[in-house]
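> Below is the file start07.cif, with mmCIF, C-alpha atoms and all ligand atoms.
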data_final
#
loop_
_atom_site.label_atom_id
_atom_site.label_comp_id
_atom_site.auth_asym_id
_atom_site.auth_seq_id
_atom_site.Cartn_x
_atom_site.Cartn_y
_atom_site.Cartn_z
CA MET W 1 75.48 130.88 74.09
CA LEU W 2 77.91 130.81 77.01
CA LYS W 3 75.76 128.15 78.66
CA LEU W 4 75.83 126.05 75.50
CA LEU W 5 79.59 126.36 75.25
CA ARG W 6 79.92 125.39 78.94
CA THR W 7 77.82 122.28 78.35
CA LEU W 8 79.75 121.32 75.22
CA PHE W 9 83.18 121.83 76.71
CA ARG W 10 82.48 120.87 80.29
CA PRO W 11 85.08 118.10 80.69
CA GLU W 12 87.78 120.30 79.23
CA LEU W 13 86.83 123.25 81.44
CA VAL W 14 86.75 121.12 84.58
CA LEU W 15 90.08 119.60 83.68
CA ARG W 16 91.65 123.00 82.99
CA ARG W 17 90.36 124.48 86.24
CA SER W 18 91.57 121.62 88.41
CA SER W 19 94.83 121.39 86.51
CA SER W 20 95.65 125.08 87.00
CA SER W 21 95.31 124.71 90.79
CA TYR W 22 97.36 121.50 90.54
CA VAL W 23 100.09 123.33 88.65
CA ALA W 24 100.11 126.12 91.25
CA ARG W 25 100.42 123.59 94.08
CA MET W 26 103.25 121.69 92.37
CA ARG W 27 105.16 124.91 91.68
CA TYR W 28 104.67 125.96 95.30
CA LEU W 29 106.11 122.62 96.45
CA THR W 30 109.09 123.02 94.13
CA ARG W 31 109.77 126.45 95.60
CA LEU W 32 109.56 125.09 99.15
CA ARG W 33 112.06 122.35 98.26
CA GLU W 34 114.53 124.87 96.88
CA ASP W 35 114.10 127.73 99.35
CA ASP W 36 114.80 126.92 103.03
CA GLU W 37 113.38 130.22 104.29
CA ALA W 38 110.11 129.80 102.36
CA CYS W 39 109.88 126.24 103.66
CA LEU W 40 110.31 127.36 107.28
CA GLU W 41 107.64 129.99 106.70
CA ALA W 42 105.30 127.34 105.26
CA LEU W 43 105.97 125.14 108.29
CA ARG W 44 104.60 127.89 110.56
CA SER W 45 101.16 127.59 108.95
CA GLY W 46 101.48 123.99 107.78
CA ARG W 47 99.85 120.71 108.78
CA LEU W 48 101.80 117.98 110.58
CA LEU W 49 101.55 114.20 110.43
CA LEU W 50 103.10 112.88 113.64
CA TYR W 51 104.93 109.55 113.97
CA HIS W 52 106.47 107.89 116.98
CA ARG W 53 109.38 105.70 115.90
CA LEU W 54 107.75 105.63 112.47
CA ALA W 55 104.29 104.62 113.74
CA PRO W 56 101.73 107.24 112.58
CA LEU W 57 99.34 108.99 114.96
CA LEU W 58 95.73 108.02 114.23
CA GLN W 59 92.51 109.32 115.74
CA LYS W 60 89.23 107.47 116.12
CA THR W 61 86.16 109.44 115.09
CA PRO W 62 82.87 109.21 117.07
CA ALA W 63 81.61 107.01 114.19
CA GLY W 64 84.43 104.54 114.93
CA LEU W 65 86.44 105.37 111.80
CA PHE W 66 90.15 106.16 111.81
CA GLN W 67 91.68 109.36 110.48
CA LEU W 68 94.88 111.39 110.60
CA PRO W 69 94.48 114.16 113.19
CA ASN W 70 94.63 117.70 111.88
CA ILE W 71 97.63 119.10 113.78
CA CYS W 72 99.29 122.42 112.99
CA THR W 73 102.63 123.74 114.17
CA ASN W 74 101.02 125.84 116.92
CA ASP W 75 99.27 122.73 118.31
CA LEU W 76 102.54 120.84 118.45
CA GLU W 77 104.33 123.76 120.10
CA GLY W 78 101.58 123.74 122.74
CA VAL W 79 102.28 120.04 123.36
CA LEU W 80 106.03 120.71 123.58
CA ASP W 81 105.39 123.51 126.10
CA LYS W 82 103.31 121.17 128.26
CA LEU W 83 106.10 118.58 128.16
CA GLY W 84 108.75 121.21 128.92
CA LYS W 85 110.54 120.53 125.59
CA SER W 86 112.15 122.92 123.13
CA HIS W 87 110.32 124.00 119.95
CA ALA W 88 113.47 123.07 117.96
CA LEU W 89 111.98 119.63 117.26
CA VAL W 90 109.42 121.20 114.88
CA LYS W 91 112.19 122.12 112.40
CA GLU W 92 112.93 118.41 111.93
CA ALA W 93 109.66 118.04 110.00
CA VAL W 94 109.98 117.01 106.34
CA LEU W 95 107.81 118.30 103.52
CA ILE W 96 105.49 115.70 102.00
CA GLY W 97 102.77 117.59 100.15
CA CYS W 98 100.32 120.44 99.94
CA THR W 99 96.56 120.51 100.52
CA GLU W 100 94.12 121.97 97.99
CA LYS W 101 94.03 125.04 100.25
CA HIS W 102 97.77 125.49 99.72
CA GLU W 103 98.70 124.41 103.23
CA ALA W 104 102.05 122.65 103.21
CA GLN W 105 101.99 119.16 104.75
CA PHE W 106 104.90 117.82 106.78
CA SER W 107 105.74 114.64 108.63
CA LEU W 108 107.65 114.58 111.90
CA ASP W 109 108.92 111.79 114.12
CA VAL W 110 108.41 112.64 117.79
CA GLY W 111 110.19 109.48 118.97
CA SER W 112 112.24 111.59 121.40
CA LEU W 113 109.05 112.38 123.37
CA GLU W 114 107.14 110.08 125.71
CA GLN W 115 104.69 108.22 123.45
CA SER W 116 101.76 108.03 125.90
CA GLU W 117 102.07 111.74 126.75
CA VAL W 118 101.85 112.78 123.09
CA GLU W 119 98.93 110.39 122.58
CA ARG W 120 97.12 111.90 125.55
CA LEU W 121 97.78 115.51 124.57
CA CYS W 122 96.95 115.01 120.87
CA GLY W 123 94.01 112.68 121.45
CA GLY W 124 95.10 109.71 119.34
CA ALA W 125 97.26 106.60 119.25
CA PHE W 126 100.47 105.75 117.39
CA ILE W 127 99.70 102.66 115.34
CA ASP W 128 102.07 100.49 113.32
CA LEU W 129 101.86 101.51 109.65
CA ARG W 130 100.92 98.02 108.44
CA LYS W 131 97.91 98.08 110.78
CA ALA W 132 97.12 101.69 109.83
CA PHE W 133 96.77 100.49 106.20
CA PHE W 134 93.79 98.39 107.27
CA LEU W 135 92.22 101.23 109.30
CA LEU W 136 92.57 104.31 107.08
CA THR W 137 90.84 104.99 103.77
CA GLY W 138 91.17 107.35 100.84
CA PRO W 139 94.00 109.75 99.97
CA GLU W 140 95.28 109.72 103.57
CA VAL W 141 96.85 106.31 102.97
CA PRO W 142 99.47 107.23 100.33
CA LEU W 143 100.21 110.41 102.31
CA VAL W 144 100.87 108.57 105.55
CA ALA W 145 103.06 106.08 103.65
CA ARG W 146 105.05 108.87 102.01
CA GLY W 147 105.49 110.64 105.33
CA GLN W 148 106.85 107.54 107.00
CA THR W 149 109.16 106.55 104.18
CA LEU W 150 110.78 109.98 103.96
CA LEU W 151 111.36 110.05 107.72
CA ARG W 152 112.89 106.58 107.56
CA TRP W 153 115.16 107.63 104.72
CA HIS W 154 116.50 110.55 106.79
CA GLN W 155 116.93 108.35 109.87
CA THR W 156 119.04 105.85 107.89
CA ASN W 157 121.06 108.19 105.67
CA GLY W 158 122.85 110.31 108.24
CA PHE W 159 126.30 109.49 106.88
CA CYS W 160 127.98 109.73 103.47
CA SER W 161 128.81 106.32 102.01
CA ALA W 162 131.85 107.80 100.25
CA SER W 163 133.49 109.82 103.06
CA GLY W 164 131.82 108.44 106.20
CA HIS W 165 131.13 112.01 107.33
CA PRO W 166 127.69 113.23 108.45
CA THR W 167 125.22 114.37 105.80
CA PHE W 168 123.00 117.45 106.27
CA ARG W 169 119.44 117.88 105.09
CA ASN W 170 117.89 120.93 103.49
CA GLN W 171 114.86 122.39 105.30
CA SER W 172 112.26 120.53 103.23
CA GLY W 173 114.10 117.21 103.59
CA SER W 174 114.18 116.60 99.82
CA GLN W 175 117.94 115.92 99.89
CA ARG W 176 121.00 115.43 102.08
CA ILE W 177 124.46 116.77 101.34
CA CYS W 178 127.91 115.70 102.49
CA HIS W 179 130.10 118.82 102.71
CA SER W 180 133.23 116.68 102.73
CA SER W 181 132.67 114.63 99.53
CA GLY W 182 130.24 117.07 97.89
CA HIS W 183 127.77 114.21 97.29
CA THR W 184 124.06 115.07 97.22
CA TYR W 185 121.76 112.21 98.26
CA TYR W 186 118.12 112.02 97.17
CA PRO W 187 115.44 109.73 98.66
CA LYS W 188 115.41 106.40 96.80
CA MET W 189 112.82 103.78 95.97
CA ALA W 190 113.66 100.21 94.95
CA PRO W 191 111.76 99.11 91.81
CA VAL W 192 109.60 96.01 92.27
CA VAL W 193 107.43 94.20 89.70
CA ILE W 194 104.26 92.61 91.05
CA ALA W 195 101.98 90.43 88.93
CA LEU W 196 98.65 88.74 89.21
CA ILE W 197 99.13 85.60 87.18
CA SER W 198 96.12 84.01 85.56
CA ASP W 199 95.64 80.92 83.40
CA GLY W 200 92.50 82.42 81.94
CA SER W 201 90.08 81.21 84.60
CA ARG W 202 92.02 81.05 87.89
CA CYS W 203 94.60 83.31 89.51
CA LEU W 204 97.84 82.39 91.24
CA LEU W 205 98.54 83.82 94.69
CA GLY W 206 101.46 83.13 96.98
CA ARG W 207 102.32 83.63 100.63
CA GLN W 208 105.52 84.18 102.55
CA ALA W 209 105.93 82.54 105.96
CA THR W 210 105.86 85.99 107.59
CA PHE W 211 102.37 86.87 106.22
CA PRO W 212 99.40 86.78 108.62
CA SER W 213 97.61 83.42 108.67
CA GLY W 214 95.62 82.77 105.49
CA MET W 215 96.96 85.83 103.64
CA TYR W 216 97.96 85.30 100.01
CA SER W 217 99.17 88.00 97.64
CA ALA W 218 100.20 88.58 94.04
CA LEU W 219 103.79 87.51 93.31
CA ALA W 220 106.41 90.24 93.53
CA GLY W 221 110.13 90.64 93.10
CA PHE W 222 112.79 93.35 93.20
CA CYS W 223 114.33 94.37 89.87
CA ASP W 224 117.96 93.38 89.51
CA MET W 225 120.33 96.12 88.41
CA GLY W 226 119.83 96.86 84.71
CA GLU W 227 116.69 94.74 84.26
CA THR W 228 113.56 95.77 82.35
CA ILE W 229 110.07 95.19 83.76
CA GLU W 230 109.55 92.19 81.47
CA GLU W 231 112.90 90.64 82.40
CA THR W 232 112.19 90.97 86.14
CA LEU W 233 108.69 89.56 85.77
CA ARG W 234 109.77 86.59 83.65
CA ARG W 235 112.67 85.78 86.01
CA GLU W 236 110.65 86.17 89.24
CA ILE W 237 107.81 83.96 88.03
CA ALA W 238 110.26 81.32 86.84
CA GLU W 239 112.24 81.46 90.12
CA GLU W 240 109.34 81.54 92.57
CA VAL W 241 106.75 79.22 91.00
CA GLY W 242 108.55 77.57 88.04
CA LEU W 243 106.17 78.92 85.39
CA GLU W 244 106.91 80.41 81.97
CA LEU W 245 105.11 83.66 81.29
CA MET W 246 103.03 83.96 78.10
CA SER W 247 102.07 87.65 78.11
CA PHE W 248 101.49 90.57 80.45
CA ARG W 249 100.33 94.17 80.58
CA VAL W 250 101.21 96.92 83.01
CA SER W 251 98.12 97.86 84.98
CA GLY W 252 99.31 100.50 87.47
CA SER W 253 101.92 101.45 90.01
CA GLN W 254 102.26 102.51 93.61
CA HIS W 255 104.76 103.53 96.21
CA TRP W 256 105.07 100.95 98.97
CA PRO W 257 106.89 101.91 102.17
CA PHE W 258 108.08 98.39 103.10
CA PRO W 259 110.75 97.21 103.73
CA GLN W 260 112.49 100.53 102.97
CA SER W 261 110.67 102.12 100.06
CA SER W 262 109.61 100.33 96.90
CA PHE W 263 108.21 101.50 93.61
CA MET W 264 105.72 98.80 92.65
CA VAL W 265 104.96 98.27 88.96
CA ALA W 266 101.79 96.21 88.82
CA CYS W 267 100.95 93.83 85.97
CA GLN W 268 98.24 91.42 84.89
CA ALA W 269 100.06 88.35 83.54
CA LEU W 270 98.99 85.24 81.67
CA VAL W 271 100.45 81.76 81.56
CA SER W 272 99.26 79.10 79.15
CA PRO W 273 96.43 76.92 80.53
CA ASP W 274 98.58 73.92 79.42
CA ASN W 275 101.44 75.02 81.67
CA THR W 276 100.03 75.59 85.15
CA GLN W 277 101.95 73.07 87.26
CA VAL W 278 103.32 75.17 90.12
CA SER W 279 106.70 74.32 91.61
CA VAL W 280 107.22 76.58 94.63
CA ASP W 281 110.69 77.76 95.64
CA HIS W 282 110.29 77.35 99.40
CA ALA W 283 113.27 79.62 100.11
CA GLU W 284 111.08 82.48 98.79
CA LEU W 285 107.50 81.40 99.39
CA GLU W 286 105.76 79.22 101.92
CA ASP W 287 103.03 78.36 99.42
CA ALA W 288 101.55 79.37 96.06
CA ARG W 289 98.20 78.14 94.79
CA TRP W 290 95.65 78.65 92.07
CA PHE W 291 92.42 80.23 93.32
CA SER W 292 89.04 80.14 91.59
CA LEU W 293 87.02 83.27 90.84
CA GLN W 294 84.54 82.25 93.54
CA GLU W 295 87.23 81.83 96.23
CA VAL W 296 88.65 85.25 95.40
CA GLN W 297 85.22 86.91 95.39
CA GLU W 298 84.52 85.44 98.84
CA ALA W 299 87.85 86.79 100.12
CA LEU W 300 87.05 90.25 98.76
CA ARG W 301 83.79 90.24 100.73
CA LEU W 302 85.56 89.63 104.08
CA LYS W 303 85.71 92.71 106.27
CA LYS W 304 87.92 91.25 109.02
CA PRO W 305 90.70 88.62 109.01
CA PRO W 306 88.95 85.23 109.24
CA ARG W 307 89.22 83.18 112.44
CA ASN W 308 90.45 79.80 111.28
CA HIS W 309 89.41 76.76 113.24
CA GLN W 310 92.15 74.36 114.26
CA GLY W 311 92.87 71.75 111.60
CA ALA W 312 90.63 73.43 108.98
CA PRO W 313 92.31 74.86 105.86
CA PRO W 314 92.76 78.63 106.33
CA THR W 315 90.27 80.92 104.59
CA LEU W 316 91.82 83.14 101.93
CA TRP W 317 92.60 86.65 103.22
CA LEU W 318 93.86 89.34 100.84
CA PRO W 319 96.26 92.29 101.38
CA PRO W 320 94.68 95.60 102.49
CA ARG W 321 92.57 97.57 100.00
CA TYR W 322 95.30 100.16 99.51
CA ALA W 323 97.91 97.54 98.49
CA ILE W 324 98.27 97.28 94.74
CA ALA W 325 98.08 93.49 95.07
CA HIS W 326 94.49 93.96 96.26
CA GLN W 327 93.74 96.30 93.36
CA LEU W 328 95.15 93.74 90.88
CA VAL W 329 92.84 91.09 92.33
CA VAL W 330 89.81 93.40 92.06
CA GLU W 331 90.72 94.24 88.45
CA TRP W 332 91.11 90.54 87.61
CA VAL W 333 87.69 89.72 89.10
CA GLN W 334 86.10 92.50 87.04
CA GLN W 335 87.77 91.18 83.89
CA GLN W 336 86.59 87.65 84.62
CA LEU W 337 83.01 88.81 85.21
CA ALA W 338 83.06 90.89 82.03
CA THR W 339 84.39 88.09 79.81
CA HIS W 340 82.59 85.00 81.16
N1 LIG F 1 101.95 96.74 97.70
C1 LIG F 1 101.65 95.47 97.50
O1 LIG F 1 100.53 95.14 97.14
C2 LIG F 1 102.68 94.41 97.74
C3 LIG F 1 103.97 94.77 98.00
N2 LIG F 1 104.95 93.81 98.10
C4 LIG F 1 106.31 94.27 98.35
O2 LIG F 1 107.13 93.89 97.27
C5 LIG F 1 108.45 93.76 97.72
C6 LIG F 1 109.15 92.67 96.98
O3 LIG F 1 108.52 91.42 97.15
P1 LIG F 1 109.34 90.13 97.58
O4 LIG F 1 108.53 88.97 97.13
O5 LIG F 1 109.69 90.20 99.02
O6 LIG F 1 110.68 90.31 96.71
P2 LIG F 1 111.69 89.19 96.13
O7 LIG F 1 110.92 88.05 95.59
O8 LIG F 1 112.62 89.91 95.22
O9 LIG F 1 112.44 88.63 97.39
C7 LIG F 1 112.94 89.41 98.47
C8 LIG F 1 114.44 89.23 98.58
O10 LIG F 1 115.06 89.93 97.53
C9 LIG F 1 116.32 90.44 97.95
N3 LIG F 1 116.40 91.84 97.53
C10 LIG F 1 116.88 92.27 96.34
N4 LIG F 1 116.82 93.59 96.22
C11 LIG F 1 116.28 94.05 97.36
C12 LIG F 1 115.94 95.37 97.84
N5 LIG F 1 116.17 96.46 97.11
N6 LIG F 1 115.35 95.47 99.05
C13 LIG F 1 115.09 94.39 99.79
N7 LIG F 1 115.39 93.12 99.39
C14 LIG F 1 115.98 92.94 98.19
C15 LIG F 1 116.41 90.16 99.45
O11 LIG F 1 117.25 89.03 99.61
C16 LIG F 1 115.00 89.81 99.85
O12 LIG F 1 114.94 88.90 100.90
C17 LIG F 1 108.36 93.53 99.24
O13 LIG F 1 109.03 94.59 99.85
C18 LIG F 1 106.90 93.60 99.58
O14 LIG F 1 106.67 94.37 100.73
C19 LIG F 1 104.68 92.47 97.94
C20 LIG F 1 103.38 92.07 97.69
C21 LIG F 1 102.28 92.99 97.65
MG MG F 2 108.88 87.52 95.74
#
In structure tokens, what does this structure look like?
Ligand SMILES: NC(=O)C1=CN([C@@H]2O[C@H](COP(=O)(O)OP(=O)(O)OC[C@H]3O[C@@H](n4cnc5c(N)ncnc54)[C@H](O)[C@@H]3O)[C@@H](O)[C@H]2O)C=CC1
Ligand SMILES: [Mg+2]

Amino acid sequence: MLKLLRTLFRPELVLRRSSSSYVARMRYLTRLREDDEACLEALRSGRLLLYHRLAPLLQKTPAGLFQLPNICTNDLEGVLDKLGKSHALVKEAVLIGCTEKHEAQFSLDVGSLEQSEVERLCGGAFIDLRKAFFLLTGPEVPLVARGQTLLRWHQTNGFCSASGHPTFRNQSGSQRICHSSGHTYYPKMAPVVIALISDGSRCLLGRQATFPSGMYSALAGFCDMGETIEETLRREIAEEVGLELMSFRVSGSQHWPFPQSSFMVACQALVSPDNTQVSVDHAELEDARWFSLQEVQEALRLKKPPRNHQGAPPTLWLPPRYAIAHQLVVEWVQQQLATH
């Protein structure tokens, strides 16, 4: 009987079991954010993601893959001892999550230490985050992005914008307070709407002059104060490529650490096939073009940035797999294949 019930209610049981451990982890994180002593205690047994001037430390596995090294507080204290530095640096770590085993995860910028020495002692290399996005896979990617963005926020919010006095962080790094004005500052993300525009059979991708050669992405724009998602999307598409939007649906979202910290709302958007004449605003974009399903499928198959021969038109290269622009493109290809 029990077996039968288990079979019948399996999805629910699995969901309940994983959700109870999820709830416990989230409540633990809330406690660590509110209780400085508990957070310090968690730091003693926690895991650390190290950054050097905001570049994360990555390790190459014997199989040639990249991963975040598993460093605990004791390991870092050993490194500090070898470099003759104080352990006080460890307390500058900020809380970014919690593993399934209830180990608190922190990020820490060791920019005050000699980069090559830390690399040697930890057995890894500090790699620019944009490059790291192409090298890492799986759940490590959002974690490394979150770690960097929170460190950056602390590094750039040391003073109160009302009083000009220094602000002070709590132990977890979830807020900063100005004792003079009484203001509490919380980490911020700027909302951005990003859309993959289609005319039913092709998709529109654009590139900024600063993108790597051949790279095209979905069109994106920051929300103006007070705008809704639809207002931002309609305005951005009109401004950047001179098209009038017909319809759209929200497909997902992601945190994006560049340039400061953005909250990306991702959409699949449609324009009328009778209204596809692109007029690029060159102040915003270097180019925007319609791409066929076949061109996009070929780009998705590329494993490395293409080497373009002089004079030849550059081969299409898409943003890294983790970027929501990439995910929008994959979703669009799947839709096209399912409907045609
Ligand atoms: N995760 C992903 O797949 C992708 C993410 N993005 C991100 O989307 C963001 C927005 O895309 P853009 O086309 O550059 O935006 P955009 O089309 O709104 O133009 C950028 C300009 O907007 C202004 N601006 C307004 N509010 C701003 C704010 N809060 N922060 C910075 N600049 C602001 C600045 O003048 C800036 O130069 C970028 O940060 C980019 O990194 C873009 C494409 C793909
Ligand atoms: Mg834009």
> Residues contacting ligand MG 2 (chain F) - anything with an atom at most 8 Å away, using all atoms listed in the file - can you give me those as an MDAnalysis selection string?
chainID W and resid 219:222 236 240 284:285
> Name the closest residue to ligand LIG 1 (chain F) among the candidates W:Asp36, W:Asp287, W:Glu239, W:Asp199; distances are taken between atoms, counting only C-alpha atoms and all ligand atoms.
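Among W:Asp36, W:Asp287, W:Glu239, W:Asp199, it is W:Glu239 that comes nearest to ligand LIG 1 (chain F).
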> Counting only C-alpha atoms and all ligand atoms, what residues are within 8 Å of ligand LIG 1 (chain F), given as a VMD selection string?
chain W and resid 190 to 194 208 217 to 224 236 240 254 to 262 264 284 to 285 319 to 320 322 to 327
> What would the list of residues within 9 Å of (102.1, 101.8, 104.8) (file frame) look like as an MDAnalysis selection string, if all atoms listed in the file are what count?
chainID W and resid 128:133 141:142 144:146 148:149 256:258 322:323
> Quick one: of W:Leu270, W:Ala88, W:Ala93, W:Met215, who's nearest to Ala42 in chain W, counting only C-alpha atoms?
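Answer, going by the shortest atom-to-atom distance: W:Ala93.
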> Using only C-alpha atoms, which protein or nucleic acid residues come within 9 Å of Val271 in chain W? Drop anything in the same chain fewer than 4 positions from it, and give the result as a PyMOL selection string.
chain W and resi 197-200+243-248+275-276
> Can you work out which one of W:His309, W:Leu57, W:Thr315, W:Gly252 has the shortest atom-to-atom distance to Gln115 in chain W, counting all atoms listed in the file?
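That would be W:Leu57, the residue with the smallest distance to Gln115 in chain W.
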> So, counting all atoms listed in the file, which residue among W:Ser172, W:Glu227, W:His183, W:Gly206 is closest to Ser279 in chain W?
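So, comparing all the options, the nearest one is W:Gly206.
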> Could you check how far CA of Ile71 in chain W sits from CA of Arg120 in chain W, in Å to one decimal?
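We find that CA of Ile71 in chain W and CA of Arg120 in chain W lie 13.8 Å from each other.
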> Figure out the distance between CA of Pro212 in chain W and CA of Pro62 in chain W, please, to one decimal in Å.
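Answer for the CA of Pro62 in chain W to CA of Pro212 in chain W separation: 29.1 Å.
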